[in-house]
Amino acid sequence: MPKAVQYNKGSIIYFENDKDERILILQKGVVILTTTDAETGATETQQLTNGEFFGVKSALGHFPREETATVIQDAVAVSMTVPEFENIFSNNKQVVYKMLRVFSGQLRQVHRKTQALLQNDDNANQQVGMFAVAKSFYDDQNYRACCDVCIKYLTHFPTAFDKDQVAKLYADSKLRYDKLAKKSEQVAAPVDASYSGALKQFMLPAFERFQKKYENEQVIICEFEPGDSFYLIQSGEVQLVKCINGVKKNLDILKPGEFFGEMAILDNSPRSATCMAIGPVECLEFNKANFEVLVTGNPQIAILLLKIFCKRIYDQKRRLKILTIKDNTARIADTFCMFDEMNPTVKPNEKSRRFNMTQADIASWSGLPSEIVQEEMHKFISAGKIQTFDNYMIVANINDMRRIVEFKSVQRK
């Protein structure tokens with residue numbers, strides 16, 4: 001059961017980077033949260049108000065604490081475990097909605113900082129932005145995705161001044177796609193119909209009317225387009241990409257049981273990323289009209305959404321940390337460290353790591369031009385630190401990558 005805990009002035013409830021999965025509610029007193037800005041290194045503080053939750057993201061996401069909680073004036077806080085939080089608050093729509101909106105806003109802030117570091121205009125005109133997305137797919141010879149984005153553009157903006165230019169791009173992409181499709185004539189891969197326990201609740205007949213199916217490389221939602229629906233992946237994988245200065249950058253790969261598109265539902269803003277099917281994909285599509293009913297009638301979905309936001313915020317902050325590193329060698333080394341953290345080995349003492357990524361992936365995640373990545377990777381390969389293959393890389397000793405990042409960080413101070 002949750003319990004009230006008293007804290008004296010000057011005490012620390014928890015430190016940044018602590019592994020502590022308590023969720024707390026301030027009842028009385030004064031508590032401040034202190035964080036370090038990843039970009040500037042400046043200290044930021046936030047004073048909590050009575051009744052406010054704290055420690056939620058790290059607890060729900062099972063991540064280290066991202067701030068230090070300090071007691072400024074004698075305080076009392078209610079402490080609870082994650083299961084206790086779920087049992088008590090999953091049916092409290094007001095609390096859950098408030099958290100979802102707060103987390104959505106925090107994720108938007110991290111996105112904006114990422115845009116700034118990548119020198120991308122997050123406030124770009126929607127039409128200009130969507131055309132840039134279509135052109136980036138065309139330049140990558142991903143003609144199916146380019147066609148999809150062009151269709152979405154013409155659907156949303158049928159009277160746009162450049163509609164003829166978009167229509168021409170669509171026609172060219174369609175012609176090229178059809179030629180490639182005839183040459184390959186590949187048989188579509190079967191969809192895996194085995195569902196995990198978390199997804200079985202959505203396999204009821206009542207959800208069949210929400211089901212959508214997508215083919216390989218089909219664009220489900222496009223960056224910059226208006227958002228009026230969100231999706232739950234039933235089978236297959238969905239890739240999240242952003243168009244940065246005309247070039248696609250990978251954000252994440254989502255798997256069955258994960259949501260996407262939910263941010264537009266919560267804050268009525270244009271899509272912040274493009275979501276594309278990797279192979280055949282089955283999703284459930286929900287719109288704004290039934291979102292509230294869905295969450296209210298299925299408390300477990302609300303909690304799942306909260307956990308997804310926690311993971312997204314943590315992952316995006318981790319990506320942001322890479323982009324703040326000025327030294328190119330250290331930035332690439334930290335990219336490997338990030339992938340190691342996101343894909344922990346079952347053998348903690350094993351130093352060698354295999355990552356299913358290419359140099360193009362390294363360039364995308366590190367935000368560096370491909371020629372710089374190629375130059376830096378050549379140094380790693382010549383030193384025997386990395387081996388590269390067609391679709392994967394092997395890091396000889398992941399600890400070497402961590403030491404490079406730490407050494408360069410010390411040099412900057």
# chains A, B, ... in the order shown; residues from 1 in each chain; ligands from 1
$ select_by_dssp --residues "segment 134-331 of chain A" --states "alpha helix (DSSP H)" --output "ChimeraX atom specification"
/A:134-139,143-156,163-184,197-200,262-267,288-297,299-323,328-331
$ residues_around --residues "segment 340-348 of chain A" --least-positions-apart "6" --cutoff "10 Å" --atoms "only C-alpha atoms" --output "mmCIF file with all heavy atoms, in the first residue's frame"
data_model
loop_
_atom_site.group_PDB
_atom_site.id
_atom_site.type_symbol
_atom_site.label_atom_id
_atom_site.label_comp_id
_atom_site.auth_asym_id
_atom_site.auth_seq_id
_atom_site.Cartn_x
_atom_site.Cartn_y
_atom_site.Cartn_z
ATOM 1 N N ASP A 315 14.422 7.871 -24.946
ATOM 2 C CA ASP A 315 15.182 7.578 -26.161
ATOM 3 C C ASP A 315 15.578 8.854 -26.898
ATOM 4 O O ASP A 315 16.705 8.975 -27.389
ATOM 5 C CB ASP A 315 14.367 6.679 -27.091
ATOM 6 C CG ASP A 315 14.235 5.249 -26.564
ATOM 7 O OD1 ASP A 315 14.946 4.912 -25.608
ATOM 8 O OD2 ASP A 315 13.415 4.491 -27.118
ATOM 9 N N ARG A 318 18.283 10.613 -25.144
ATOM 10 C CA ARG A 318 19.556 9.914 -25.367
ATOM 11 C C ARG A 318 20.121 10.288 -26.736
ATOM 12 O O ARG A 318 21.320 10.493 -26.895
ATOM 13 C CB ARG A 318 19.338 8.397 -25.263
ATOM 14 C CG ARG A 318 20.626 7.575 -25.386
ATOM 15 C CD ARG A 318 21.582 7.912 -24.255
ATOM 16 N NE ARG A 318 22.850 7.203 -24.366
ATOM 17 C CZ ARG A 318 23.890 7.631 -25.059
ATOM 18 N NH1 ARG A 318 23.809 8.788 -25.725
ATOM 19 N NH2 ARG A 318 25.013 6.953 -25.083
ATOM 20 N N ASP A 334 29.654 7.353 -29.268
ATOM 21 C CA ASP A 334 28.481 7.398 -28.395
ATOM 22 C C ASP A 334 27.254 6.813 -29.083
ATOM 23 O O ASP A 334 26.334 6.330 -28.417
ATOM 24 C CB ASP A 334 28.196 8.828 -27.946
ATOM 25 C CG ASP A 334 27.341 8.875 -26.685
ATOM 26 O OD1 ASP A 334 27.544 8.023 -25.801
ATOM 27 O OD2 ASP A 334 26.467 9.752 -26.581
ATOM 28 N N ARG A 354 27.663 -6.937 -31.577
ATOM 29 C CA ARG A 354 27.233 -6.902 -32.974
ATOM 30 C C ARG A 354 26.005 -6.001 -33.077
ATOM 31 O O ARG A 354 25.053 -6.142 -32.311
ATOM 32 C CB ARG A 354 26.890 -8.303 -33.475
ATOM 33 C CG ARG A 354 26.184 -8.283 -34.830
ATOM 34 C CD ARG A 354 25.962 -9.653 -35.392
ATOM 35 N NE ARG A 354 25.036 -9.591 -36.533
ATOM 36 C CZ ARG A 354 24.971 -10.489 -37.503
ATOM 37 N NH1 ARG A 354 25.785 -11.538 -37.476
ATOM 38 N NH2 ARG A 354 24.102 -10.365 -38.482
ATOM 39 N N PHE A 355 26.033 -5.072 -34.032
ATOM 40 C CA PHE A 355 24.912 -4.153 -34.238
ATOM 41 C C PHE A 355 24.447 -4.259 -35.689
ATOM 42 O O PHE A 355 25.251 -4.158 -36.614
ATOM 43 C CB PHE A 355 25.327 -2.708 -33.945
ATOM 44 C CG PHE A 355 25.777 -2.489 -32.532
ATOM 45 C CD1 PHE A 355 27.118 -2.245 -32.237
ATOM 46 C CD2 PHE A 355 24.877 -2.536 -31.482
ATOM 47 C CE1 PHE A 355 27.539 -2.041 -30.932
ATOM 48 C CE2 PHE A 355 25.282 -2.328 -30.171
ATOM 49 C CZ PHE A 355 26.622 -2.083 -29.892
ATOM 50 N N ILE A 398 33.189 -2.730 -26.581
ATOM 51 C CA ILE A 398 32.286 -1.607 -26.373
ATOM 52 C C ILE A 398 32.818 -0.649 -25.322
ATOM 53 O O ILE A 398 32.525 0.558 -25.353
ATOM 54 C CB ILE A 398 30.869 -2.108 -25.985
ATOM 55 C CG1 ILE A 398 29.854 -0.969 -26.068
ATOM 56 C CG2 ILE A 398 30.892 -2.756 -24.614
ATOM 57 C CD1 ILE A 398 29.628 -0.433 -27.448
#
$ select_by_dssp --residues "segment 109-285 of chain A" --states "strand (DSSP E)" --output "ChimeraX atom specification"
/A:211-214,219-221,229-244,247-254,259-260,274-285
$ closest_residue --among "A:Cys222, A:Glu215, A:Lys255, A:Asp140" --to "Ala360 of chain A" --atoms "only C-alpha atoms"
A:Asp140
$ closest_residue --among "A:Thr43, A:Gln374, A:Gln115, A:Asn349" --to "Lys249 of chain A" --atoms "only C-alpha atoms"
A:Gln115
$ residues_around --residues "Ser136 of chain A" --least-positions-apart "5" --cutoff "12 Å" --atoms "only C-alpha atoms" --output "MDAnalysis selection string"
chainID A and resid 129:131 141:143 145:147 149:150 169 173 223 241:249 274
$ write_last_selection --atoms "N, CA, C and O atoms" --output "mmCIF file, in the first residue's frame"
data_model
loop_
_atom_site.group_PDB
_atom_site.id
_atom_site.type_symbol
_atom_site.label_atom_id
_atom_site.label_comp_id
_atom_site.auth_asym_id
_atom_site.auth_seq_id
_atom_site.Cartn_x
_atom_site.Cartn_y
_atom_site.Cartn_z
ATOM 1 N N GLY A 129 7.028 21.522 -46.060
ATOM 2 C CA GLY A 129 7.592 20.383 -45.345
ATOM 3 C C GLY A 129 7.225 19.063 -45.997
ATOM 4 O O GLY A 129 8.083 18.187 -46.186
ATOM 5 N N MET A 130 5.938 18.888 -46.364
ATOM 6 C CA MET A 130 5.517 17.630 -46.975
ATOM 7 C C MET A 130 6.172 17.421 -48.341
ATOM 8 O O MET A 130 6.535 16.291 -48.694
ATOM 9 N N PHE A 131 6.335 18.513 -49.096
ATOM 10 C CA PHE A 131 7.005 18.373 -50.395
ATOM 11 C C PHE A 131 8.461 17.946 -50.198
ATOM 12 O O PHE A 131 8.982 17.106 -50.954
ATOM 13 N N GLN A 141 15.365 6.920 -53.937
ATOM 14 C CA GLN A 141 14.791 5.910 -54.832
ATOM 15 C C GLN A 141 13.743 5.051 -54.123
ATOM 16 O O GLN A 141 13.509 3.896 -54.505
ATOM 17 N N ASN A 142 13.110 5.621 -53.115
ATOM 18 C CA ASN A 142 12.014 4.949 -52.427
ATOM 19 C C ASN A 142 10.719 5.490 -53.036
ATOM 20 O O ASN A 142 10.019 6.316 -52.458
ATOM 21 N N TYR A 143 10.425 5.005 -54.233
ATOM 22 C CA TYR A 143 9.366 5.605 -55.044
ATOM 23 C C TYR A 143 7.970 5.299 -54.502
ATOM 24 O O TYR A 143 7.057 6.107 -54.675
ATOM 25 N N ALA A 145 7.075 5.122 -51.328
ATOM 26 C CA ALA A 145 6.829 6.085 -50.251
ATOM 27 C C ALA A 145 6.612 7.483 -50.812
ATOM 28 O O ALA A 145 5.765 8.239 -50.326
ATOM 29 N N CYS A 146 7.373 7.836 -51.849
ATOM 30 C CA CYS A 146 7.210 9.155 -52.470
ATOM 31 C C CYS A 146 5.795 9.312 -53.026
ATOM 32 O O CYS A 146 5.159 10.355 -52.843
ATOM 33 N N CYS A 147 5.289 8.266 -53.687
ATOM 34 C CA CYS A 147 3.920 8.307 -54.215
ATOM 35 C C CYS A 147 2.908 8.523 -53.099
ATOM 36 O O CYS A 147 1.974 9.331 -53.230
ATOM 37 N N VAL A 149 3.305 9.940 -50.170
ATOM 38 C CA VAL A 149 3.368 11.292 -49.614
ATOM 39 C C VAL A 149 2.729 12.293 -50.580
ATOM 40 O O VAL A 149 2.010 13.207 -50.164
ATOM 41 N N CYS A 150 2.969 12.110 -51.874
ATOM 42 C CA CYS A 150 2.364 13.010 -52.865
ATOM 43 C C CYS A 150 0.838 12.931 -52.821
ATOM 44 O O CYS A 150 0.141 13.958 -52.901
ATOM 45 N N LEU A 169 5.768 15.010 -59.738
ATOM 46 C CA LEU A 169 6.655 14.151 -58.951
ATOM 47 C C LEU A 169 5.993 12.802 -58.709
ATOM 48 O O LEU A 169 6.652 11.752 -58.770
ATOM 49 N N SER A 173 7.413 9.201 -59.969
ATOM 50 C CA SER A 173 7.676 8.164 -58.970
ATOM 51 C C SER A 173 6.860 6.908 -59.256
ATOM 52 O O SER A 173 7.358 5.783 -59.112
ATOM 53 N N GLU A 223 5.080 13.143 -42.063
ATOM 54 C CA GLU A 223 5.507 14.333 -41.319
ATOM 55 C C GLU A 223 4.885 15.582 -41.938
ATOM 56 O O GLU A 223 4.794 15.708 -43.155
ATOM 57 N N VAL A 241 10.795 8.121 -39.296
ATOM 58 C CA VAL A 241 11.872 8.913 -39.884
ATOM 59 C C VAL A 241 11.475 10.383 -39.893
ATOM 60 O O VAL A 241 10.295 10.724 -39.878
ATOM 61 N N LYS A 242 12.478 11.264 -39.902
ATOM 62 C CA LYS A 242 12.265 12.697 -40.040
ATOM 63 C C LYS A 242 13.063 13.180 -41.239
ATOM 64 O O LYS A 242 14.126 12.634 -41.556
ATOM 65 N N CYS A 243 12.538 14.192 -41.885
ATOM 66 C CA CYS A 243 13.239 14.815 -43.005
ATOM 67 C C CYS A 243 14.024 16.003 -42.465
ATOM 68 O O CYS A 243 13.431 17.004 -42.039
ATOM 69 N N ILE A 244 15.345 15.866 -42.431
ATOM 70 C CA ILE A 244 16.217 16.924 -41.911
ATOM 71 C C ILE A 244 17.030 17.498 -43.060
ATOM 72 O O ILE A 244 17.875 16.821 -43.642
ATOM 73 N N ASN A 245 16.736 18.750 -43.415
ATOM 74 C CA ASN A 245 17.443 19.406 -44.513
ATOM 75 C C ASN A 245 17.423 18.565 -45.786
ATOM 76 O O ASN A 245 18.425 18.438 -46.499
ATOM 77 N N GLY A 246 16.269 17.971 -46.076
ATOM 78 C CA GLY A 246 16.106 17.204 -47.296
ATOM 79 C C GLY A 246 16.608 15.781 -47.228
ATOM 80 O O GLY A 246 16.568 15.056 -48.228
ATOM 81 N N VAL A 247 17.075 15.344 -46.053
ATOM 82 C CA VAL A 247 17.615 13.989 -45.901
ATOM 83 C C VAL A 247 16.840 13.264 -44.800
ATOM 84 O O VAL A 247 16.554 13.842 -43.757
ATOM 85 N N LYS A 248 16.508 11.986 -45.027
ATOM 86 C CA LYS A 248 15.775 11.208 -44.038
ATOM 87 C C LYS A 248 16.698 10.790 -42.904
ATOM 88 O O LYS A 248 17.826 10.342 -43.121
ATOM 89 N N LYS A 249 16.204 10.912 -41.673
ATOM 90 C CA LYS A 249 16.940 10.488 -40.493
ATOM 91 C C LYS A 249 16.080 9.495 -39.712
ATOM 92 O O LYS A 249 14.906 9.739 -39.455
ATOM 93 N N THR A 274 7.468 10.858 -40.060
ATOM 94 C CA THR A 274 6.843 9.971 -41.045
ATOM 95 C C THR A 274 6.950 8.541 -40.542
ATOM 96 O O THR A 274 8.010 8.119 -40.068
#
$ residues_around --residues "His156 of chain A" --least-positions-apart "3" --cutoff "10 Å" --atoms "only C-alpha atoms" --output "compact mmCIF listing (two decimals) with all heavy atoms, in the first residue's frame"
# COMPACT_ATOMS: atom_id res chain seq x y z
N GLN A 127 2.99 22.60 -46.18
CA GLN A 127 3.08 22.22 -47.58
C GLN A 127 4.53 22.10 -48.02
O GLN A 127 4.91 21.13 -48.69
CB GLN A 127 2.34 23.25 -48.43
CG GLN A 127 0.84 23.31 -48.14
CD GLN A 127 0.14 24.42 -48.89
OE1 GLN A 127 0.51 24.74 -50.02
NE2 GLN A 127 -0.86 25.03 -48.29
N CYS A 150 2.97 12.11 -51.87
CA CYS A 150 2.36 13.01 -52.87
C CYS A 150 0.84 12.93 -52.82
O CYS A 150 0.14 13.96 -52.90
CB CYS A 150 2.87 12.66 -54.26
SG CYS A 150 4.59 13.10 -54.57
N ILE A 151 0.31 11.72 -52.68
CA ILE A 151 -1.14 11.55 -52.61
C ILE A 151 -1.70 12.24 -51.37
O ILE A 151 -2.72 12.93 -51.41
CB ILE A 151 -1.51 10.05 -52.61
CG1 ILE A 151 -1.20 9.44 -53.98
CG2 ILE A 151 -2.98 9.86 -52.26
CD1 ILE A 151 -1.36 7.95 -54.03
N LYS A 152 -1.00 12.07 -50.23
CA LYS A 152 -1.43 12.73 -49.00
C LYS A 152 -1.39 14.25 -49.16
O LYS A 152 -2.29 14.97 -48.70
CB LYS A 152 -0.54 12.28 -47.83
CG LYS A 152 -0.78 10.84 -47.37
CD LYS A 152 0.19 10.47 -46.25
CE LYS A 152 -0.06 9.06 -45.73
NZ LYS A 152 -1.34 8.97 -45.00
N TYR A 153 -0.34 14.74 -49.82
CA TYR A 153 -0.22 16.18 -50.04
C TYR A 153 -1.40 16.70 -50.84
O TYR A 153 -2.06 17.68 -50.46
CB TYR A 153 1.10 16.46 -50.78
CG TYR A 153 1.37 17.94 -51.03
CD1 TYR A 153 2.28 18.63 -50.26
CD2 TYR A 153 0.71 18.64 -52.04
CE1 TYR A 153 2.53 19.98 -50.47
CE2 TYR A 153 0.95 19.97 -52.26
CZ TYR A 153 1.86 20.64 -51.48
OH TYR A 153 2.09 21.97 -51.69
N THR A 159 -5.66 22.66 -53.44
CA THR A 159 -5.55 23.94 -54.17
C THR A 159 -4.18 24.58 -53.99
O THR A 159 -4.01 25.77 -54.25
CB THR A 159 -6.64 24.92 -53.70
OG1 THR A 159 -6.48 25.18 -52.29
CG2 THR A 159 -8.04 24.34 -53.93
N ALA A 160 -3.20 23.82 -53.52
CA ALA A 160 -1.87 24.37 -53.27
C ALA A 160 -1.27 24.94 -54.56
O ALA A 160 -1.53 24.44 -55.66
CB ALA A 160 -0.95 23.28 -52.71
N GLU A 225 1.79 16.51 -42.08
CA GLU A 225 0.38 16.47 -42.44
C GLU A 225 -0.48 16.62 -41.18
O GLU A 225 -0.04 16.31 -40.07
CB GLU A 225 0.02 15.17 -43.17
CG GLU A 225 -0.06 13.93 -42.30
CD GLU A 225 -0.59 12.73 -43.07
OE1 GLU A 225 -1.52 12.90 -43.86
OE2 GLU A 225 -0.06 11.62 -42.85
N PRO A 226 -1.71 17.10 -41.32
CA PRO A 226 -2.59 17.21 -40.15
C PRO A 226 -2.84 15.83 -39.55
O PRO A 226 -2.90 14.83 -40.28
CB PRO A 226 -3.88 17.79 -40.75
CG PRO A 226 -3.46 18.44 -42.03
CD PRO A 226 -2.32 17.62 -42.55
$ closest_atom_pairs --of "segment 53-124 of chain A" --to "segment 14-28 of chain A" --cutoff "7 Å" --atoms "only C-alpha atoms" --output "tab-separated table"
residue	atom	partner	partner_atom	distance
A:Phe53	CA	A:Ile25	CA	4.4
A:Phe54	CA	A:Leu24	CA	5.4
A:Gly55	CA	A:Ile23	CA	5.2
A:Val56	CA	A:Ile23	CA	5.4
A:Ser58	CA	A:Glu21	CA	6.8
A:Ala59	CA	A:Glu21	CA	4.1
A:His62	CA	A:Glu21	CA	6.8
A:Phe63	CA	A:Lys19	CA	7.0
A:Pro64	CA	A:Asn17	CA	4.6
A:Arg65	CA	A:Asn17	CA	4.7
A:Glu66	CA	A:Glu16	CA	5.2
A:Glu67	CA	A:Glu16	CA	4.4
A:Thr68	CA	A:Phe15	CA	4.3
A:Ala69	CA	A:Tyr14	CA	5.5
A:Ala75	CA	A:Lys28	CA	5.3
A:Val76	CA	A:Lys28	CA	5.4
A:Ala77	CA	A:Leu26	CA	4.4
A:Val78	CA	A:Ile25	CA	5.1
A:Ser79	CA	A:Leu24	CA	4.6
A:Met80	CA	A:Ile23	CA	5.3
A:Thr81	CA	A:Arg22	CA	5.2
A:Val82	CA	A:Ile23	CA	6.8
$ write_last_selection --atoms "N, CA, C and O atoms" --output "PDB file, in the first residue's frame"
ATOM      1  N   PHE A  53       2.754  14.918  -8.975  1.00  0.00           N
ATOM      2  CA  PHE A  53       3.518  13.672  -9.072  1.00  0.00           C
ATOM      3  C   PHE A  53       4.957  13.985  -9.466  1.00  0.00           C
ATOM      4  O   PHE A  53       5.223  14.933 -10.197  1.00  0.00           O
ATOM      5  N   PHE A  54       5.888  13.132  -9.029  1.00  0.00           N
ATOM      6  CA  PHE A  54       7.251  13.202  -9.541  1.00  0.00           C
ATOM      7  C   PHE A  54       7.877  11.805  -9.496  1.00  0.00           C
ATOM      8  O   PHE A  54       7.434  10.937  -8.757  1.00  0.00           O
ATOM      9  N   GLY A  55       8.899  11.625 -10.337  1.00  0.00           N
ATOM     10  CA  GLY A  55       9.524  10.303 -10.460  1.00  0.00           C
ATOM     11  C   GLY A  55       8.737   9.358 -11.340  1.00  0.00           C
ATOM     12  O   GLY A  55       9.038   8.164 -11.397  1.00  0.00           O
ATOM     13  N   VAL A  56       7.735   9.874 -12.062  1.00  0.00           N
ATOM     14  CA  VAL A  56       6.839   9.001 -12.837  1.00  0.00           C
ATOM     15  C   VAL A  56       7.551   8.404 -14.048  1.00  0.00           C
ATOM     16  O   VAL A  56       7.490   7.193 -14.282  1.00  0.00           O
ATOM     17  N   SER A  58      10.753   7.883 -14.933  1.00  0.00           N
ATOM     18  CA  SER A  58      11.794   6.882 -14.700  1.00  0.00           C
ATOM     19  C   SER A  58      11.217   5.604 -14.111  1.00  0.00           C
ATOM     20  O   SER A  58      11.702   4.502 -14.394  1.00  0.00           O
ATOM     21  N   ALA A  59      10.168   5.721 -13.300  1.00  0.00           N
ATOM     22  CA  ALA A  59       9.553   4.534 -12.696  1.00  0.00           C
ATOM     23  C   ALA A  59       8.806   3.712 -13.740  1.00  0.00           C
ATOM     24  O   ALA A  59       9.003   2.493 -13.852  1.00  0.00           O
ATOM     25  N   HIS A  62      11.282   2.344 -16.289  1.00  0.00           N
ATOM     26  CA  HIS A  62      12.386   1.550 -15.718  1.00  0.00           C
ATOM     27  C   HIS A  62      13.741   2.098 -16.150  1.00  0.00           C
ATOM     28  O   HIS A  62      14.648   1.358 -16.532  1.00  0.00           O
ATOM     29  N   PHE A  63      13.871   3.439 -16.083  1.00  0.00           N
ATOM     30  CA  PHE A  63      15.116   4.104 -16.420  1.00  0.00           C
ATOM     31  C   PHE A  63      15.701   4.760 -15.174  1.00  0.00           C
ATOM     32  O   PHE A  63      14.995   5.002 -14.192  1.00  0.00           O
ATOM     33  N   PRO A  64      16.998   5.091 -15.210  1.00  0.00           N
ATOM     34  CA  PRO A  64      17.570   5.842 -14.085  1.00  0.00           C
ATOM     35  C   PRO A  64      16.881   7.196 -13.934  1.00  0.00           C
ATOM     36  O   PRO A  64      16.357   7.746 -14.901  1.00  0.00           O
ATOM     37  N   ARG A  65      16.892   7.718 -12.714  1.00  0.00           N
ATOM     38  CA  ARG A  65      16.291   9.037 -12.473  1.00  0.00           C
ATOM     39  C   ARG A  65      16.964  10.078 -13.352  1.00  0.00           C
ATOM     40  O   ARG A  65      18.196  10.071 -13.522  1.00  0.00           O
ATOM     41  N   GLU A  66      16.187  11.000 -13.891  1.00  0.00           N
ATOM     42  CA  GLU A  66      16.749  12.039 -14.749  1.00  0.00           C
ATOM     43  C   GLU A  66      16.914  13.362 -14.024  1.00  0.00           C
ATOM     44  O   GLU A  66      17.328  14.348 -14.623  1.00  0.00           O
ATOM     45  N   GLU A  67      16.587  13.404 -12.729  1.00  0.00           N
ATOM     46  CA  GLU A  67      16.744  14.623 -11.945  1.00  0.00           C
ATOM     47  C   GLU A  67      17.059  14.263 -10.499  1.00  0.00           C
ATOM     48  O   GLU A  67      16.922  13.109 -10.085  1.00  0.00           O
ATOM     49  N   THR A  68      17.489  15.270  -9.726  1.00  0.00           N
ATOM     50  CA  THR A  68      17.692  15.125  -8.291  1.00  0.00           C
ATOM     51  C   THR A  68      16.551  15.837  -7.574  1.00  0.00           C
ATOM     52  O   THR A  68      16.234  16.985  -7.894  1.00  0.00           O
ATOM     53  N   ALA A  69      15.921  15.139  -6.627  1.00  0.00           N
ATOM     54  CA  ALA A  69      14.805  15.712  -5.861  1.00  0.00           C
ATOM     55  C   ALA A  69      15.316  16.127  -4.480  1.00  0.00           C
ATOM     56  O   ALA A  69      15.715  15.285  -3.674  1.00  0.00           O
ATOM     57  N   ALA A  75       8.988  18.230   4.300  1.00  0.00           N
ATOM     58  CA  ALA A  75       7.957  17.796   3.360  1.00  0.00           C
ATOM     59  C   ALA A  75       7.427  16.411   3.699  1.00  0.00           C
ATOM     60  O   ALA A  75       8.071  15.624   4.406  1.00  0.00           O
ATOM     61  N   VAL A  76       6.241  16.133   3.169  1.00  0.00           N
ATOM     62  CA  VAL A  76       5.633  14.807   3.239  1.00  0.00           C
ATOM     63  C   VAL A  76       5.249  14.418   1.815  1.00  0.00           C
ATOM     64  O   VAL A  76       4.611  15.195   1.100  1.00  0.00           O
ATOM     65  N   ALA A  77       5.646  13.208   1.401  1.00  0.00           N
ATOM     66  CA  ALA A  77       5.316  12.716   0.067  1.00  0.00           C
ATOM     67  C   ALA A  77       4.764  11.303   0.169  1.00  0.00           C
ATOM     68  O   ALA A  77       5.241  10.497   0.973  1.00  0.00           O
ATOM     69  N   VAL A  78       3.752  11.027  -0.628  1.00  0.00           N
ATOM     70  CA  VAL A  78       3.206   9.674  -0.700  1.00  0.00           C
ATOM     71  C   VAL A  78       4.044   8.877  -1.685  1.00  0.00           C
ATOM     72  O   VAL A  78       4.264   9.309  -2.822  1.00  0.00           O
ATOM     73  N   SER A  79       4.525   7.725  -1.246  1.00  0.00           N
ATOM     74  CA  SER A  79       5.374   6.878  -2.077  1.00  0.00           C
ATOM     75  C   SER A  79       4.614   5.610  -2.443  1.00  0.00           C
ATOM     76  O   SER A  79       3.945   5.008  -1.597  1.00  0.00           O
ATOM     77  N   MET A  80       4.714   5.222  -3.726  1.00  0.00           N
ATOM     78  CA  MET A  80       4.025   4.004  -4.168  1.00  0.00           C
ATOM     79  C   MET A  80       4.829   3.303  -5.252  1.00  0.00           C
ATOM     80  O   MET A  80       5.671   3.916  -5.930  1.00  0.00           O
ATOM     81  N   THR A  81       4.572   2.018  -5.413  1.00  0.00           N
ATOM     82  CA  THR A  81       5.203   1.243  -6.470  1.00  0.00           C
ATOM     83  C   THR A  81       4.431   1.445  -7.773  1.00  0.00           C
ATOM     84  O   THR A  81       3.320   1.976  -7.781  1.00  0.00           O
ATOM     85  N   VAL A  82       5.025   0.985  -8.877  1.00  0.00           N
ATOM     86  CA  VAL A  82       4.342   1.089 -10.167  1.00  0.00           C
ATOM     87  C   VAL A  82       3.027   0.308 -10.176  1.00  0.00           C
ATOM     88  O   VAL A  82       1.999   0.832 -10.629  1.00  0.00           O
TER      89      VAL A  82
END
$ decode --residues "segment 316-347 of chain A" --atoms "C-alpha atoms" --output "compact mmCIF listing (two decimals), in the first residue's frame"
# COMPACT_ATOMS: atom_id res chain seq x y z
CA GLN A 316 14.95 11.05 -27.70
CA LYS A 317 16.92 12.60 -24.85
CA ARG A 318 19.56 9.91 -25.37
CA ARG A 319 19.68 10.79 -29.06
CA LEU A 320 19.90 14.48 -28.17
CA LYS A 321 22.93 13.74 -25.97
CA ILE A 322 24.76 12.37 -29.01
CA LEU A 323 24.02 15.48 -31.04
CA THR A 324 25.48 17.75 -28.33
CA ILE A 325 28.93 16.12 -28.69
CA LYS A 326 31.18 18.35 -30.80
CA ASP A 327 33.95 15.83 -31.46
CA ASN A 328 33.05 13.63 -34.45
CA THR A 329 34.95 10.57 -33.19
CA ALA A 330 33.24 10.73 -29.82
CA ARG A 331 29.84 11.32 -31.41
CA ILE A 332 30.12 8.12 -33.46
CA ALA A 333 31.45 6.22 -30.45
CA ASP A 334 28.48 7.40 -28.40
CA THR A 335 26.13 6.20 -31.13
CA PHE A 336 27.47 2.69 -30.56
CA CYS A 337 27.09 3.20 -26.80
CA MET A 338 23.46 4.21 -27.28
CA PHE A 339 22.69 1.11 -29.31
CA ASP A 340 24.39 -1.01 -26.68
CA GLU A 341 22.19 0.56 -23.98
CA MET A 342 19.04 -0.01 -26.02
CA ASN A 343 19.99 -3.61 -26.82
CA PRO A 344 21.68 -4.96 -23.67
CA THR A 345 23.52 -8.26 -23.99
CA VAL A 346 22.58 -11.29 -21.91
CA LYS A 347 26.29 -11.67 -21.16
